[in-house]
Amino acid sequence: MDQAAEYLKHSTGIQYDVITSLLREFENDVCQMKGTVMDIGCGPGNNTKNLILPKISKDAVMVGLDVSKNMVDRARILNADEKERLTFEQLNIESNDFPIEFKEKFDHGFSFFCLHWVFDLRCAFENIYKLLKPGGTLLSQHILSFNAYNPYLTLSKRTRYQEYLKDVRQFITPLYFSKDPRETLIKILEDVGFQVLHCSIREKITGYKSQEDRKGLFASVNPFVTRMPNDVKNDFMDNLMEETLKEESVLFRKNANPLDEEKVFDLYRLIMLHIKKPERNF
């Protein structure tokens with residue numbers, strides 16, 4: 001997911017609600033975070049600057065981390081006025097080639113709307129463990145399911161889209177296919193060495209200004225459309241929207257005026273995490 005401008009235009013609604021709610025729920029822990037704090041999957045940095053930075057200790061500095069060079073470049077431009085407390089670096093949290101200069105660099109961390117992009121969760125959390133200092137914590141949330149996952153799998157079988165979606169499962173969190181995703185994730189975290197302070201699955205309903213606005217959001221977070229020529233992309237997005245409306249977790253509300261389109265609401269399932277790297281025993 002590398003479309004910084006489109007992402008900024010469409011992604012703020014559900015993200016704002018979820019992130020502000022989680023920061024409020026864990027306010028006592030967040031406000032005491034000092035030292036160097038990371039935001040994994042910071043994107044263009046708007047949420048890092050506007051939502052997270054004001055909540056942590058005034059003595060803390062933040063580093064936004066993202067796999068996308070486009071996102072990091074955009075974040076540096078958009079947040080240049082906060083360069084004393086907020087910087088950005090490119091980092092692939094799923095890489096086996098861990099940058100040694102980042103080892104135990106961070107006192108605490110956040111990751112919002114990011115880790116559902118990760119195919120190898122064990123590798124990602126092993127890297128997060130390396131990034132944190134002993135006693136460091138991570139407050140995180142990521143998507144467990146939303147209304148594009150089944151349509152991705154359906155459309156990947158159509159001849160017209162097969163070559164563009166041949167790696168479709170790498171862009172769907174493996175927890176989506178687990179019978180007990182919470183227990184699966186806790187097992188990974190504990191195997192890595194984390195202490196799990198909190199892990200819960202929650203639901204969130206989000207609406208849109210229009211169905212075109214919904215389509216714009218789904219396009220901005222779609223990992224496949226940048227591979228497609230425009231004619232295939234346009235056809236794919238039309239088919240994707242058609243398939244998503246078949247999902248049981250899509251809700252509709254008719255307008256009083258029959259000339260106006262129906263309102264569409266999507267149900268998301270989210271995993272909330274608060275984990276800690278144990279103190280080092282000497």
# chains A, B, ... in the order shown; residues from 1 in each chain; ligands from 1

call {"tool": "closest_atom_pairs", "arguments": {"of": "stretch 188-267 of chain A", "to": "stretch 139-156 of chain A", "cutoff": "12 Å", "atoms": "only C-alpha atoms", "output": "Markdown table"}}
result
| residue | atom | partner | partner_atom | distance |
| --- | --- | --- | --- | --- |
| A:Val196 | CA | A:Leu139 | CA | 10.7 |
| A:Leu197 | CA | A:Leu139 | CA | 9.8 |
| A:His198 | CA | A:Leu139 | CA | 9.2 |
| A:Cys199 | CA | A:Gln141 | CA | 9.5 |
| A:Ser200 | CA | A:Gln141 | CA | 9.6 |
| A:Ile201 | CA | A:Leu144 | CA | 8.2 |
| A:Arg202 | CA | A:Leu144 | CA | 9.3 |
| A:Glu203 | CA | A:Ser145 | CA | 9.6 |
| A:Lys204 | CA | A:Phe146 | CA | 10.0 |
| A:Ile205 | CA | A:Phe146 | CA | 10.2 |
| A:Thr206 | CA | A:Phe146 | CA | 10.9 |
| A:Arg214 | CA | A:Asn147 | CA | 11.4 |
| A:Lys215 | CA | A:Ala148 | CA | 11.1 |
| A:Leu217 | CA | A:Ala148 | CA | 11.3 |
| A:Phe218 | CA | A:Ala148 | CA | 7.9 |
| A:Ala219 | CA | A:Ala148 | CA | 10.6 |
| A:Val221 | CA | A:Ala148 | CA | 10.3 |
| A:Asn222 | CA | A:Ala148 | CA | 9.1 |
| A:Pro223 | CA | A:Tyr152 | CA | 10.4 |
| A:Phe224 | CA | A:Tyr152 | CA | 9.5 |
| A:Val225 | CA | A:Tyr152 | CA | 11.7 |
| A:Asp235 | CA | A:Leu155 | CA | 11.2 |
| A:Phe236 | CA | A:Leu155 | CA | 8.2 |
| A:Met237 | CA | A:Leu155 | CA | 10.4 |
| A:Asp238 | CA | A:Leu155 | CA | 11.3 |
| A:Asn239 | CA | A:Leu155 | CA | 8.0 |
| A:Leu240 | CA | A:Pro151 | CA | 6.2 |
| A:Met241 | CA | A:Ala148 | CA | 8.5 |
| A:Glu242 | CA | A:Pro151 | CA | 8.9 |
| A:Glu243 | CA | A:Pro151 | CA | 5.5 |
| A:Thr244 | CA | A:Asn147 | CA | 5.5 |
| A:Leu245 | CA | A:Asn147 | CA | 8.1 |
| A:Lys246 | CA | A:Asn147 | CA | 9.0 |
| A:Glu247 | CA | A:Asn147 | CA | 6.4 |
| A:Glu248 | CA | A:Asn147 | CA | 8.7 |
| A:Ser249 | CA | A:Asn147 | CA | 7.0 |
| A:Val250 | CA | A:Asn147 | CA | 7.2 |
| A:Leu251 | CA | A:Asn147 | CA | 10.8 |
| A:Val264 | CA | A:Asn147 | CA | 11.7 |
| A:Phe265 | CA | A:Asn147 | CA | 10.3 |
| A:Asp266 | CA | A:Asn147 | CA | 6.9 |
| A:Leu267 | CA | A:Phe146 | CA | 6.6 |

call {"tool": "atom_distance", "arguments": {"atom1": "atom CA of A:Asp167", "atom2": "atom CA of A:Pro181"}}
result
21.6 Å

call {"tool": "residues_around", "arguments": {"residues": "stretch 68-75 of chain A", "least_positions_apart": "3", "cutoff": "6 Å", "atoms": "only C-alpha atoms", "output": "list in words"}}
result
Ala4, Gly43, Pro44, Gly45, Leu78 and Asn79 of chain A

call {"tool": "select_by_dssp", "arguments": {"residues": "stretch 22-71 of chain A", "states": "helix (DSSP H, G or I)", "output": "list in words"}}
result
Leu22, Leu23, Arg24, Glu25, Glu27, Asn28, Asp29, Val30, Asn46, Asn47, Thr48, Lys49, Asn50, Leu51, Ile52, Leu53, Pro54, Lys55, Lys69, Asn70 and Met71 of chain A

call {"tool": "atom_distance", "arguments": {"atom1": "atom CA of A:Val37", "atom2": "atom CA of A:Met62"}}
result
4.7 Å

call {"tool": "atom_distance", "arguments": {"atom1": "atom CA of A:Arg24", "atom2": "atom CA of A:Tyr176"}}
result
27.0 Å

call {"tool": "closest_residue", "arguments": {"among": "A:Glu190, A:Tyr208, A:Thr48, A:Leu53", "to": "A:Cys31", "atoms": "only C-alpha atoms"}}
result
A:Leu53
